[in-house]
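A.B. asks: So that you have it, the file is structure-v3.txt, and it contains compact mmCIF, C-alpha atoms:
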```txt
# COMPACT_ATOMS: atom_id res chain seq x y z
CA MET A 1191 1.94 -29.42 -0.97
CA LYS A 1192 -1.18 -27.39 -1.60
CA LEU A 1193 -4.48 -28.27 0.04
CA ILE A 1194 -7.92 -26.75 -0.53
CA TYR A 1195 -10.57 -27.23 2.14
CA GLN A 1196 -14.22 -26.66 1.32
CA ILE A 1197 -16.86 -25.81 3.91
CA ASN A 1198 -20.16 -23.96 3.89
CA SER A 1199 -19.02 -21.00 6.02
CA LEU A 1200 -16.73 -19.96 8.86
CA TYR A 1201 -18.81 -17.39 10.72
CA ASN A 1202 -20.43 -19.83 13.17
CA PRO A 1203 -18.74 -21.17 16.35
CA GLY A 1204 -19.33 -24.78 15.31
CA GLY A 1205 -17.33 -27.96 15.68
CA MET A 1206 -16.48 -28.30 11.99
CA GLU A 1207 -15.30 -24.70 11.84
CA ARG A 1208 -13.00 -25.31 14.79
CA VAL A 1209 -11.69 -28.54 13.26
CA VAL A 1210 -10.87 -26.76 9.99
CA LEU A 1211 -9.13 -24.01 11.93
CA ASN A 1212 -6.99 -26.48 13.88
CA LYS A 1213 -6.06 -28.63 10.88
CA ALA A 1214 -5.36 -25.71 8.56
CA THR A 1215 -3.26 -23.99 11.20
CA TRP A 1216 -1.19 -27.13 11.86
CA LEU A 1217 -0.61 -27.85 8.16
CA SER A 1218 0.28 -24.24 7.43
CA ALA A 1219 2.80 -24.24 10.28
CA HIS A 1220 4.35 -27.37 8.76
CA GLY A 1221 4.94 -25.87 5.33
CA TRP A 1222 1.68 -26.59 3.50
CA GLU A 1223 -0.13 -24.02 1.39
CA VAL A 1224 -3.72 -24.02 2.62
CA VAL A 1225 -6.76 -22.39 1.01
CA ILE A 1226 -10.28 -22.54 2.46
CA VAL A 1227 -13.20 -22.16 0.07
CA THR A 1228 -16.68 -21.29 1.36
CA THR A 1229 -20.06 -20.84 -0.30
CA ASP A 1230 -22.01 -18.80 2.27
CA GLN A 1231 -19.54 -16.56 4.10
CA GLY A 1232 -21.13 -13.48 2.58
CA GLY A 1233 -18.49 -11.03 3.73
CA ARG A 1234 -19.01 -11.85 7.40
CA PRO A 1235 -15.95 -12.19 9.64
CA THR A 1236 -14.83 -15.65 10.69
CA PHE A 1237 -15.80 -16.58 14.24
CA TYR A 1238 -12.33 -17.98 14.91
CA ASP A 1239 -9.17 -16.10 14.00
CA PHE A 1240 -7.29 -17.78 11.16
CA PRO A 1241 -3.54 -17.26 10.60
CA GLU A 1242 -2.91 -14.68 7.89
CA GLN A 1243 -1.00 -17.15 5.69
CA ILE A 1244 -4.19 -19.21 5.24
CA ARG A 1245 -6.08 -17.83 2.26
CA LEU A 1246 -9.89 -17.62 2.43
CA HIS A 1247 -12.06 -17.50 -0.70
CA ASP A 1248 -15.86 -17.29 -0.85
CA LEU A 1249 -17.72 -18.40 -3.98
CA GLY A 1250 -20.76 -16.22 -3.20
CA ILE A 1251 -23.39 -18.95 -3.67
CA ASN A 1252 -25.43 -18.20 -0.51
CA TYR A 1253 -27.54 -21.33 -0.20
CA SER A 1254 -28.66 -20.14 3.24
CA ALA A 1255 -30.49 -17.17 1.70
CA ASP A 1256 -33.22 -19.58 0.54
CA LYS A 1257 -34.39 -20.43 4.05
CA GLY A 1258 -38.06 -19.59 4.47
CA LYS A 1259 -38.99 -19.98 0.81
CA ASN A 1260 -41.80 -22.33 -0.13
CA THR A 1261 -40.83 -25.83 -1.29
CA VAL A 1262 -41.09 -25.20 -5.03
CA ALA A 1263 -39.17 -21.92 -4.88
CA HIS A 1264 -36.55 -23.49 -2.63
CA ILE A 1265 -35.95 -26.43 -4.99
CA PHE A 1266 -35.77 -24.17 -8.05
CA SER A 1267 -33.32 -21.82 -6.36
CA PHE A 1268 -31.19 -24.69 -5.00
CA LEU A 1269 -30.80 -26.31 -8.42
CA LYS A 1270 -29.89 -22.99 -10.00
CA LYS A 1271 -27.35 -22.22 -7.29
CA LYS A 1272 -25.88 -25.69 -7.50
CA GLN A 1273 -25.06 -25.14 -11.17
CA LEU A 1274 -23.46 -21.80 -10.32
CA HIS A 1275 -21.58 -23.47 -7.49
CA LYS A 1276 -20.18 -26.15 -9.80
CA LYS A 1277 -19.14 -23.56 -12.40
CA ARG A 1278 -17.38 -21.25 -9.94
CA LEU A 1279 -15.71 -24.05 -8.01
CA ALA A 1280 -14.46 -25.73 -11.19
CA GLU A 1281 -12.99 -22.45 -12.43
CA PHE A 1282 -11.30 -21.87 -9.08
CA LEU A 1283 -9.86 -25.38 -8.81
CA MET A 1284 -8.60 -25.36 -12.40
CA ALA A 1285 -6.74 -22.11 -11.66
CA GLU A 1286 -5.36 -23.19 -8.28
CA LYS A 1287 -4.01 -26.63 -9.25
CA ALA A 1288 -4.01 -28.03 -5.72
CA ASP A 1289 -2.60 -31.41 -4.76
CA ILE A 1290 -5.54 -32.25 -2.50
CA VAL A 1291 -9.14 -31.01 -2.46
CA ASP A 1292 -10.82 -31.94 0.82
CA THR A 1293 -14.52 -31.21 1.28
CA LEU A 1294 -16.53 -31.08 4.49
CA TYR A 1295 -19.64 -29.70 2.83
CA PRO A 1296 -22.21 -32.04 1.22
CA GLY A 1297 -23.39 -29.34 -1.19
CA GLU A 1298 -20.62 -30.00 -3.69
CA SER A 1299 -20.05 -33.69 -2.97
CA SER A 1300 -22.11 -34.85 -5.94
CA PHE A 1301 -19.95 -33.03 -8.48
CA ILE A 1302 -16.46 -32.56 -7.03
CA PRO A 1303 -15.06 -35.89 -8.29
CA SER A 1304 -16.02 -34.88 -11.85
CA ILE A 1305 -13.83 -31.73 -11.76
CA LYS A 1306 -10.62 -32.71 -13.56
CA ASP A 1307 -8.19 -30.22 -12.04
CA GLY A 1308 -5.52 -32.83 -11.31
CA SER A 1309 -6.11 -32.95 -7.54
CA LYS A 1310 -6.96 -35.95 -5.40
CA LYS A 1311 -10.45 -35.67 -3.92
CA VAL A 1312 -11.18 -36.40 -0.27
CA ILE A 1313 -14.53 -36.20 1.51
CA GLU A 1314 -14.88 -35.99 5.30
CA LEU A 1315 -18.16 -36.84 7.03
CA HIS A 1316 -18.44 -35.06 10.37
CA GLN A 1317 -21.75 -36.72 11.19
CA SER A 1318 -22.76 -40.35 11.47
CA LYS A 1319 -24.09 -42.42 8.56
CA PHE A 1320 -27.58 -41.98 9.95
CA PHE A 1321 -27.69 -38.19 10.07
CA HIS A 1322 -30.53 -38.14 7.51
CA ARG A 1323 -32.68 -39.84 10.13
CA GLN A 1324 -32.14 -37.08 12.67
CA TYR A 1325 -35.78 -35.99 12.68
CA ALA A 1326 -37.12 -39.57 12.83
CA ASN A 1327 -39.37 -38.92 9.81
CA LYS A 1328 -42.12 -41.40 9.02
CA GLY A 1329 -43.96 -42.32 5.82
CA LEU A 1330 -42.76 -40.75 2.59
CA LYS A 1331 -40.21 -38.50 4.27
CA GLY A 1332 -38.76 -41.49 6.08
CA LEU A 1333 -38.43 -43.40 2.81
CA ILE A 1334 -36.70 -40.39 1.24
CA ASP A 1335 -34.21 -40.34 4.13
CA ARG A 1336 -33.41 -44.03 3.55
CA PHE A 1337 -33.01 -43.37 -0.19
CA ARG A 1338 -30.57 -40.56 0.55
CA GLU A 1339 -28.49 -42.98 2.62
CA ILE A 1340 -28.26 -45.31 -0.38
CA MET A 1341 -27.23 -42.43 -2.61
CA ASP A 1342 -24.62 -41.35 -0.05
CA VAL A 1343 -22.90 -44.72 -0.37
CA ARG A 1344 -22.74 -44.35 -4.15
CA MET A 1345 -21.46 -40.80 -3.85
CA VAL A 1346 -18.62 -41.38 -1.37
CA LYS A 1347 -17.25 -44.25 -3.48
CA LYS A 1348 -16.41 -41.73 -6.22
CA PHE A 1349 -13.82 -39.97 -4.06
CA ASP A 1350 -10.19 -40.99 -3.72
CA ARG A 1351 -10.71 -41.25 0.04
CA PHE A 1352 -13.76 -41.20 2.26
CA VAL A 1353 -12.99 -40.30 5.89
CA VAL A 1354 -15.28 -40.99 8.84
CA LEU A 1355 -14.54 -40.06 12.44
CA THR A 1356 -15.05 -43.29 14.39
CA GLU A 1357 -14.61 -47.02 14.00
CA GLU A 1358 -18.23 -47.31 15.14
CA ASP A 1359 -19.46 -45.27 12.17
CA LYS A 1360 -17.10 -47.07 9.79
CA GLY A 1361 -18.82 -50.31 10.72
CA TYR A 1362 -22.23 -48.89 9.81
CA TRP A 1363 -21.11 -48.05 6.26
CA GLY A 1364 -20.06 -51.59 5.44
CA ASP A 1365 -17.36 -52.65 3.01
CA ILE A 1366 -16.25 -49.48 1.20
CA ALA A 1367 -12.72 -49.84 -0.17
CA ASN A 1368 -11.74 -46.14 -0.05
CA MET A 1369 -12.98 -45.56 3.53
CA VAL A 1370 -10.76 -44.85 6.53
CA ALA A 1371 -11.49 -43.68 10.08
CA ILE A 1372 -9.52 -40.69 11.41
CA PRO A 1373 -10.77 -38.89 14.52
CA ASN A 1374 -10.65 -35.16 15.00
CA ALA A 1375 -7.76 -33.88 17.07
CA SER A 1376 -8.07 -32.03 20.33
CA ILE A 1377 -5.77 -29.16 21.24
CA ALA A 1378 -4.20 -29.62 24.67
CA PRO A 1379 -6.04 -27.37 27.14
CA VAL A 1380 -4.46 -24.11 28.24
CA GLY A 1381 -3.95 -23.92 31.98
CA PRO A 1382 -4.58 -26.49 34.69
CA GLY A 1383 -8.18 -27.24 33.75
CA SER A 1384 -10.86 -28.15 36.27
CA ASP A 1385 -10.43 -29.44 39.81
CA CYS A 1386 -14.13 -30.44 39.81
CA SER A 1387 -14.95 -28.39 42.88
CA ALA A 1388 -17.29 -25.88 41.20
CA LYS A 1389 -20.96 -26.68 41.66
CA ARG A 1390 -21.59 -26.10 38.00
CA ILE A 1391 -22.43 -28.35 35.05
CA ILE A 1392 -21.77 -27.24 31.48
CA ALA A 1393 -23.25 -28.16 28.10
CA VAL A 1394 -22.02 -26.82 24.77
CA GLY A 1395 -23.48 -26.88 21.26
CA ARG A 1396 -25.88 -25.37 18.79
CA LEU A 1397 -29.39 -24.80 20.13
CA ASP A 1398 -31.19 -27.09 17.70
CA TYR A 1399 -32.73 -30.54 17.28
CA GLN A 1400 -29.42 -32.36 16.95
CA LYS A 1401 -28.04 -31.24 20.32
CA SER A 1402 -31.44 -31.85 21.94
CA PHE A 1403 -31.00 -29.58 24.95
CA ASP A 1404 -34.73 -29.94 25.55
CA ARG A 1405 -34.01 -33.46 26.84
CA LEU A 1406 -31.23 -32.10 29.04
CA ILE A 1407 -33.51 -29.42 30.50
CA GLU A 1408 -36.13 -32.07 31.28
CA ALA A 1409 -33.48 -34.11 33.11
CA TRP A 1410 -32.19 -31.01 34.87
CA LYS A 1411 -35.65 -30.28 36.23
CA ILE A 1412 -35.47 -33.65 37.98
CA VAL A 1413 -31.98 -32.84 39.31
CA CYS A 1414 -33.24 -29.52 40.66
CA ASP A 1415 -35.85 -31.40 42.72
CA HIS A 1416 -33.04 -33.28 44.51
CA THR A 1417 -30.27 -30.71 44.93
CA LYS A 1418 -30.28 -27.01 45.68
CA ASP A 1419 -26.87 -25.54 44.98
CA TRP A 1420 -25.74 -26.72 41.52
CA THR A 1421 -26.32 -24.81 38.26
CA LEU A 1422 -26.40 -25.78 34.58
CA ASP A 1423 -24.96 -23.40 31.99
CA ILE A 1424 -25.60 -24.09 28.29
CA TYR A 1425 -23.29 -22.40 25.77
CA GLY A 1426 -24.39 -21.98 22.15
CA GLN A 1427 -26.70 -20.20 19.77
CA GLY A 1428 -29.43 -21.36 17.41
CA GLU A 1429 -33.04 -21.45 16.38
CA TRP A 1430 -34.22 -23.24 19.53
CA LYS A 1431 -33.16 -20.47 21.90
CA ASP A 1432 -36.64 -19.09 22.58
CA MET A 1433 -38.21 -22.54 22.90
CA LEU A 1434 -35.55 -23.68 25.37
CA GLN A 1435 -35.83 -20.49 27.40
CA ASN A 1436 -39.60 -20.99 27.58
CA MET A 1437 -39.02 -24.52 28.93
CA ILE A 1438 -36.67 -23.17 31.57
CA ASP A 1439 -39.16 -20.49 32.60
CA GLN A 1440 -42.11 -22.89 32.68
CA TYR A 1441 -40.21 -25.35 34.87
CA GLY A 1442 -39.33 -22.52 37.25
CA ILE A 1443 -35.59 -23.23 37.10
CA SER A 1444 -34.32 -20.00 35.54
CA ASP A 1445 -32.13 -19.40 38.61
CA ARG A 1446 -30.47 -22.80 38.12
CA CYS A 1447 -30.31 -23.14 34.31
CA HIS A 1448 -28.88 -20.48 31.99
CA LEU A 1449 -28.52 -20.08 28.23
CA LYS A 1450 -25.17 -18.32 28.03
CA GLY A 1451 -24.77 -17.66 24.31
CA THR A 1452 -21.35 -18.12 22.70
CA THR A 1453 -17.86 -17.61 24.06
CA ASN A 1454 -14.40 -17.27 22.55
CA ASN A 1455 -12.82 -18.82 25.64
CA ILE A 1456 -14.55 -22.14 26.25
CA SER A 1457 -11.44 -23.49 28.01
CA HIS A 1458 -12.06 -20.96 30.79
CA GLU A 1459 -15.62 -22.24 31.15
CA TYR A 1460 -14.47 -25.87 31.31
CA ALA A 1461 -11.99 -24.94 34.03
CA ASN A 1462 -14.81 -23.43 36.09
CA SER A 1463 -17.15 -26.40 35.76
CA SER A 1464 -17.21 -29.91 37.22
CA MET A 1465 -19.07 -31.95 34.65
CA LEU A 1466 -20.05 -31.96 30.96
CA VAL A 1467 -23.43 -33.33 29.90
CA MET A 1468 -24.29 -34.31 26.32
CA SER A 1469 -27.87 -34.99 25.23
CA SER A 1470 -27.44 -35.11 21.43
CA HIS A 1471 -29.53 -37.25 19.11
CA TYR A 1472 -26.43 -37.96 17.02
CA GLU A 1473 -22.88 -36.75 16.35
CA GLY A 1474 -19.97 -37.62 14.11
CA LEU A 1475 -17.38 -37.38 16.86
CA PRO A 1476 -18.26 -34.95 19.67
CA MET A 1477 -15.27 -32.60 19.92
CA VAL A 1478 -16.87 -30.86 22.88
CA MET A 1479 -16.68 -34.14 24.78
CA ILE A 1480 -12.99 -34.64 23.99
CA GLU A 1481 -12.07 -31.05 24.79
CA ALA A 1482 -14.00 -30.94 28.06
CA MET A 1483 -12.62 -34.28 29.23
CA SER A 1484 -9.10 -33.14 28.32
CA SER A 1485 -9.71 -30.25 30.73
CA GLY A 1486 -10.62 -32.70 33.48
CA LEU A 1487 -14.41 -32.84 33.22
CA PRO A 1488 -16.11 -36.21 33.64
CA CYS A 1489 -18.84 -36.59 31.02
CA VAL A 1490 -22.41 -37.78 31.39
CA SER A 1491 -23.90 -38.61 28.00
CA PHE A 1492 -26.68 -40.40 26.21
CA ASP A 1493 -25.29 -43.38 24.29
CA PHE A 1494 -26.11 -41.86 20.90
CA LYS A 1495 -24.55 -42.58 17.50
CA CYS A 1496 -21.61 -41.91 17.14
CA GLY A 1497 -18.74 -41.19 19.48
CA PRO A 1498 -19.59 -41.67 23.17
CA ARG A 1499 -18.65 -45.36 23.12
CA ASP A 1500 -15.30 -44.49 21.51
CA ILE A 1501 -14.48 -41.85 24.14
CA ILE A 1502 -16.22 -42.71 27.42
CA GLU A 1503 -15.23 -45.75 29.45
CA ASN A 1504 -18.44 -46.12 31.41
CA GLY A 1505 -17.89 -45.76 35.13
CA VAL A 1506 -14.22 -44.82 34.68
CA ASN A 1507 -14.02 -41.39 33.02
CA GLY A 1508 -17.74 -40.72 32.66
CA LEU A 1509 -21.19 -42.24 32.60
CA LEU A 1510 -23.13 -43.53 29.58
CA VAL A 1511 -26.93 -43.49 29.72
CA LYS A 1512 -29.35 -45.33 27.45
CA ASP A 1513 -30.42 -42.95 24.71
CA ASP A 1514 -33.58 -40.97 25.53
CA ASP A 1515 -33.65 -42.15 29.15
CA ILE A 1516 -34.38 -38.78 30.72
CA GLU A 1517 -34.58 -40.10 34.27
CA GLY A 1518 -31.37 -42.06 33.71
CA LEU A 1519 -29.59 -38.89 32.61
CA ALA A 1520 -30.78 -37.11 35.75
CA GLU A 1521 -29.69 -40.03 37.96
CA ALA A 1522 -26.23 -40.04 36.36
CA MET A 1523 -25.79 -36.32 36.99
CA LEU A 1524 -26.94 -36.74 40.58
CA LYS A 1525 -24.51 -39.62 41.07
CA LEU A 1526 -21.55 -37.38 40.25
CA ILE A 1527 -23.02 -34.38 42.07
CA ASN A 1528 -23.36 -36.37 45.29
CA ASP A 1529 -19.99 -38.16 45.17
CA ASP A 1530 -17.01 -35.79 45.29
CA GLU A 1531 -14.53 -38.66 45.43
CA LEU A 1532 -15.95 -40.38 42.35
CA ARG A 1533 -16.10 -37.11 40.43
CA THR A 1534 -12.46 -36.36 41.22
CA ALA A 1535 -11.33 -39.87 40.28
CA MET A 1536 -13.18 -39.66 36.96
CA SER A 1537 -11.59 -36.26 36.32
CA VAL A 1538 -8.13 -37.85 36.51
CA GLU A 1539 -9.16 -40.54 34.00
CA ALA A 1540 -10.96 -38.07 31.73
CA ARG A 1541 -7.75 -36.11 31.12
CA LYS A 1542 -6.18 -39.19 29.55
CA VAL A 1543 -8.31 -38.91 26.38
CA ILE A 1544 -5.89 -36.30 25.06
CA GLY A 1545 -3.39 -39.11 24.54
CA LYS A 1546 -5.65 -40.74 21.94
CA TYR A 1547 -6.81 -37.54 20.28
CA ASN A 1548 -3.72 -35.32 20.53
CA GLU A 1549 -2.97 -33.17 17.52
CA GLU A 1550 0.39 -34.68 16.58
CA SER A 1551 -0.85 -38.28 16.34
CA VAL A 1552 -4.04 -37.36 14.48
CA MET A 1553 -2.33 -35.04 12.00
CA GLU A 1554 0.29 -37.73 11.33
CA LYS A 1555 -2.56 -39.90 10.04
CA TRP A 1556 -3.73 -37.09 7.75
CA ILE A 1557 -0.21 -36.51 6.42
CA LYS A 1558 0.14 -40.21 5.61
CA LEU A 1559 -3.23 -40.26 3.86
CA TYR A 1560 -2.51 -37.17 1.76
CA SER A 1561 1.04 -38.27 0.96
CA ARG A 1562 0.00 -41.71 -0.21
CA LEU A 1563 -2.72 -40.26 -2.41
CA THR A 1564 -0.32 -37.89 -4.14
CA GLY A 1565 2.71 -40.20 -4.16
CA LYS A 1566 4.72 -37.58 -2.23
CA GLU A 1567 5.59 -39.67 0.83
```
Reformat the file's structure so that it appears as structure tokens.
C.D. replies:
Amino acid sequence: MKLIYQINSLYNPGGMERVVLNKATWLSAHGWEVVIVTTDQGGRPTFYDFPEQIRLHDLGINYSADKGKNTVAHIFSFLKKKQLHKKRLAEFLMAEKADIVDTLYPGESSFIPSIKDGSKKVIELHQSKFFHRQYANKGLKGLIDRFREIMDVRMVKKFDRFVVLTEEDKGYWGDIANMVAIPNASIAPVGPGSDCSAKRIIAVGRLDYQKSFDRLIEAWKIVCDHTKDWTLDIYGQGEWKDMLQNMIDQYGISDRCHLKGTTNNISHEYANSSMLVMSSHYEGLPMVMIEAMSSGLPCVSFDFKCGPRDIIENGVNGLLVKDDDIEGLAEAMLKLINDDELRTAMSVEARKVIGKYNEESVMEKWIKLYSRLTGKE
């Protein structure tokens, strides 16, 4: 069968990009023809290396080029580009005649179901239902965010299938007949993973509001007041880099907290750490958490929407902390720092998450979904 994925771009080291890589690679290895369509790749190389049999095609829309424009200019440009996007995508899909068109990018979600190319249309949401509320807007902006949530429900119902990542998030959407929950898969770690002896904590993600590393740095300042020989390394890139570095410098913890940029070998970093900490405001399903735990890292995390409750068994393979409880996050880190036996026991339990999120079982769910839609079971 032929599958077309759609995503904004592939040049960033993000979770969705890695998910697309893993799924496309698996399907291609199992005889599927896979094409990935982007809008904003702009000739840049992909961050991850894709197998040569997977075809990449960029539509050249470049929504991201409008960043920094004033509101009126931004809206005008967006509407114009959206029309171009619809035209180019429709032409491409009509020529390709795929069995399945699967989108991970909201930009085309409003018009994809109307393209009559003969394919079944699937939309994946890699965030929670409440991602519009990420900035906690008040007043008019807050009302607009709530309105967008209502429109999202109407939009996803137009697809042949609507896929969310967790049962928790599925419950928030309510009774939608075409909805199903399928988690992202985690690739089994290469090598033995962590023995949790390194006096190092790791955090991974984009340096932005969503990942909220400012809250982690605040908690880490408290940890630094109670322990002398542990370090925190944060891997990622993003617009908050300077702000976060300023926080680190102002707190006087630059020798204990480091912004490490990106890496192509995160498994190596997991293996040389003893704990993962997540401070996000929200997620769809935190792949970093699954991957790190599969490598033997206990996880300390805020109990944000969505994912931690699906993955972490509190007190068994990690610790859940009430969202936005900075002192609680610090106390949880200190608990694992100061108890080698507990940290090692949680490491053993953390590795077991790969059984639930292993690639074979997750991709079997995708094959069943696609096959039932097309009648090619």
A.B. asks: Quick one: of A:His1264, A:Arg1278, A:Lys1213, A:Lys1311, who's nearest to Ile1377 (chain A), counting all atoms listed in the file?
C.D. replies: A:Lys1213
A.B. asks: May I have a table of the residues of region 1438-1485 of chain A lying at most 6 Å from region 1386-1408 of chain A, giving each one's closest pair of atoms and their distance in Å to one decimal, counting all atoms listed in the file, ordered by chain and ascending residue number, as CSV?
C.D. replies:
```
residue,atom,partner,partner_atom,distance
A:Ser1463,CA,A:Arg1390,CA,5.0
A:Ser1464,CA,A:Cys1386,CA,4.1
A:Met1465,CA,A:Ile1391,CA,4.9
A:Leu1466,CA,A:Ile1392,CA,5.1
A:Val1467,CA,A:Ala1393,CA,5.5
A:Ser1469,CA,A:Ser1402,CA,5.8
A:Ser1470,CA,A:Lys1401,CA,4.1
A:His1471,CA,A:Gln1400,CA,5.3
```
A.B. asks: In Å to one decimal, how far is CA of Ala1371 (chain A) from CA of Tyr1560 (chain A)?
C.D. replies: 13.9 Å
A.B. asks: Env of region 1484-1486 of chain A: 12 Å cut, atoms = all atoms listed in the file, seq-sep filter 6 positions within chain, self excluded. Answer as an mmCIF file with C-alpha atoms, keeping the file's coordinate frame.
C.D. replies:
```
data_model
loop_
_atom_site.group_PDB
_atom_site.id
_atom_site.type_symbol
_atom_site.label_atom_id
_atom_site.label_comp_id
_atom_site.auth_asym_id
_atom_site.auth_seq_id
_atom_site.Cartn_x
_atom_site.Cartn_y
_atom_site.Cartn_z
ATOM 1 C CA ALA A 1375 -7.760 -33.880 17.070
ATOM 2 C CA SER A 1376 -8.070 -32.030 20.330
ATOM 3 C CA ILE A 1377 -5.770 -29.160 21.240
ATOM 4 C CA ALA A 1378 -4.200 -29.620 24.670
ATOM 5 C CA PRO A 1379 -6.040 -27.370 27.140
ATOM 6 C CA VAL A 1380 -4.460 -24.110 28.240
ATOM 7 C CA GLY A 1381 -3.950 -23.920 31.980
ATOM 8 C CA PRO A 1382 -4.580 -26.490 34.690
ATOM 9 C CA GLY A 1383 -8.180 -27.240 33.750
ATOM 10 C CA SER A 1384 -10.860 -28.150 36.270
ATOM 11 C CA ASP A 1385 -10.430 -29.440 39.810
ATOM 12 C CA CYS A 1386 -14.130 -30.440 39.810
ATOM 13 C CA SER A 1387 -14.950 -28.390 42.880
ATOM 14 C CA ILE A 1456 -14.550 -22.140 26.250
ATOM 15 C CA SER A 1457 -11.440 -23.490 28.010
ATOM 16 C CA HIS A 1458 -12.060 -20.960 30.790
ATOM 17 C CA GLU A 1459 -15.620 -22.240 31.150
ATOM 18 C CA TYR A 1460 -14.470 -25.870 31.310
ATOM 19 C CA ALA A 1461 -11.990 -24.940 34.030
ATOM 20 C CA ASN A 1462 -14.810 -23.430 36.090
ATOM 21 C CA SER A 1463 -17.150 -26.400 35.760
ATOM 22 C CA SER A 1464 -17.210 -29.910 37.220
ATOM 23 C CA MET A 1465 -19.070 -31.950 34.650
ATOM 24 C CA LEU A 1466 -20.050 -31.960 30.960
ATOM 25 C CA MET A 1477 -15.270 -32.600 19.920
ATOM 26 C CA VAL A 1478 -16.870 -30.860 22.880
ATOM 27 C CA ILE A 1501 -14.480 -41.850 24.140
ATOM 28 C CA ILE A 1502 -16.220 -42.710 27.420
ATOM 29 C CA ASN A 1507 -14.020 -41.390 33.020
ATOM 30 C CA GLY A 1508 -17.740 -40.720 32.660
ATOM 31 C CA ARG A 1533 -16.100 -37.110 40.430
ATOM 32 C CA THR A 1534 -12.460 -36.360 41.220
ATOM 33 C CA ALA A 1535 -11.330 -39.870 40.280
ATOM 34 C CA MET A 1536 -13.180 -39.660 36.960
ATOM 35 C CA SER A 1537 -11.590 -36.260 36.320
ATOM 36 C CA VAL A 1538 -8.130 -37.850 36.510
ATOM 37 C CA GLU A 1539 -9.160 -40.540 34.000
ATOM 38 C CA ALA A 1540 -10.960 -38.070 31.730
ATOM 39 C CA ARG A 1541 -7.750 -36.110 31.120
ATOM 40 C CA LYS A 1542 -6.180 -39.190 29.550
ATOM 41 C CA VAL A 1543 -8.310 -38.910 26.380
ATOM 42 C CA ILE A 1544 -5.890 -36.300 25.060
ATOM 43 C CA GLY A 1545 -3.390 -39.110 24.540
ATOM 44 C CA LYS A 1546 -5.650 -40.740 21.940
ATOM 45 C CA TYR A 1547 -6.810 -37.540 20.280
ATOM 46 C CA ASN A 1548 -3.720 -35.320 20.530
#
```
A.B. asks: Can you tell me how far CA of Phe1237 (chain A) sits from CA of Asn1454 (chain A), in Å to one decimal?
C.D. replies: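 A separation of 8.5 Å between them.
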A.B. asks: Could region 1193-1206 of chain A be completed with N, CA and C atoms and returned as a PDB file, in the coordinates of the input?
C.D. replies:
```pdb
ATOM      1  N   LEU A1193      -3.219 -27.648  -0.363  1.00  0.00           N
ATOM      2  CA  LEU A1193      -4.480 -28.270   0.040  1.00  0.00           C
ATOM      3  C   LEU A1193      -5.590 -27.225   0.016  1.00  0.00           C
ATOM      4  N   ILE A1194      -6.727 -27.607  -0.552  1.00  0.00           N
ATOM      5  CA  ILE A1194      -7.920 -26.750  -0.530  1.00  0.00           C
ATOM      6  C   ILE A1194      -8.997 -27.444   0.287  1.00  0.00           C
ATOM      7  N   TYR A1195      -9.421 -26.783   1.353  1.00  0.00           N
ATOM      8  CA  TYR A1195     -10.570 -27.230   2.140  1.00  0.00           C
ATOM      9  C   TYR A1195     -11.820 -26.542   1.616  1.00  0.00           C
ATOM     10  N   GLN A1196     -12.936 -27.257   1.699  1.00  0.00           N
ATOM     11  CA  GLN A1196     -14.220 -26.660   1.320  1.00  0.00           C
ATOM     12  C   GLN A1196     -15.228 -26.870   2.445  1.00  0.00           C
ATOM     13  N   ILE A1197     -15.877 -25.778   2.829  1.00  0.00           N
ATOM     14  CA  ILE A1197     -16.860 -25.810   3.910  1.00  0.00           C
ATOM     15  C   ILE A1197     -17.896 -24.730   3.608  1.00  0.00           C
ATOM     16  N   ASN A1198     -19.077 -24.893   4.163  1.00  0.00           N
ATOM     17  CA  ASN A1198     -20.160 -23.960   3.890  1.00  0.00           C
ATOM     18  C   ASN A1198     -19.805 -22.531   4.284  1.00  0.00           C
ATOM     19  N   SER A1199     -19.358 -22.342   5.532  1.00  0.00           N
ATOM     20  CA  SER A1199     -19.020 -21.000   6.020  1.00  0.00           C
ATOM     21  C   SER A1199     -18.128 -21.124   7.246  1.00  0.00           C
ATOM     22  N   LEU A1200     -17.620 -19.984   7.694  1.00  0.00           N
ATOM     23  CA  LEU A1200     -16.730 -19.960   8.860  1.00  0.00           C
ATOM     24  C   LEU A1200     -17.149 -18.915   9.880  1.00  0.00           C
ATOM     25  N   TYR A1201     -18.396 -18.437   9.793  1.00  0.00           N
ATOM     26  CA  TYR A1201     -18.810 -17.390  10.720  1.00  0.00           C
ATOM     27  C   TYR A1201     -19.515 -17.925  11.964  1.00  0.00           C
ATOM     28  N   ASN A1202     -19.799 -19.225  11.998  1.00  0.00           N
ATOM     29  CA  ASN A1202     -20.430 -19.830  13.170  1.00  0.00           C
ATOM     30  C   ASN A1202     -19.378 -20.446  14.092  1.00  0.00           C
ATOM     31  N   PRO A1203     -19.678 -20.555  15.398  1.00  0.00           N
ATOM     32  CA  PRO A1203     -18.740 -21.170  16.350  1.00  0.00           C
ATOM     33  C   PRO A1203     -18.943 -22.673  16.451  1.00  0.00           C
ATOM     34  N   GLY A1204     -19.010 -23.363  15.312  1.00  0.00           N
ATOM     35  CA  GLY A1204     -19.330 -24.780  15.310  1.00  0.00           C
ATOM     36  C   GLY A1204     -18.103 -25.678  15.389  1.00  0.00           C
ATOM     37  N   GLY A1205     -18.398 -26.978  15.576  1.00  0.00           N
ATOM     38  CA  GLY A1205     -17.330 -27.960  15.680  1.00  0.00           C
ATOM     39  C   GLY A1205     -16.528 -28.106  14.408  1.00  0.00           C
ATOM     40  N   MET A1206     -17.202 -28.154  13.245  1.00  0.00           N
ATOM     41  CA  MET A1206     -16.480 -28.300  11.990  1.00  0.00           C
ATOM     42  C   MET A1206     -15.589 -27.090  11.721  1.00  0.00           C
TER      43      MET A1206
END
```
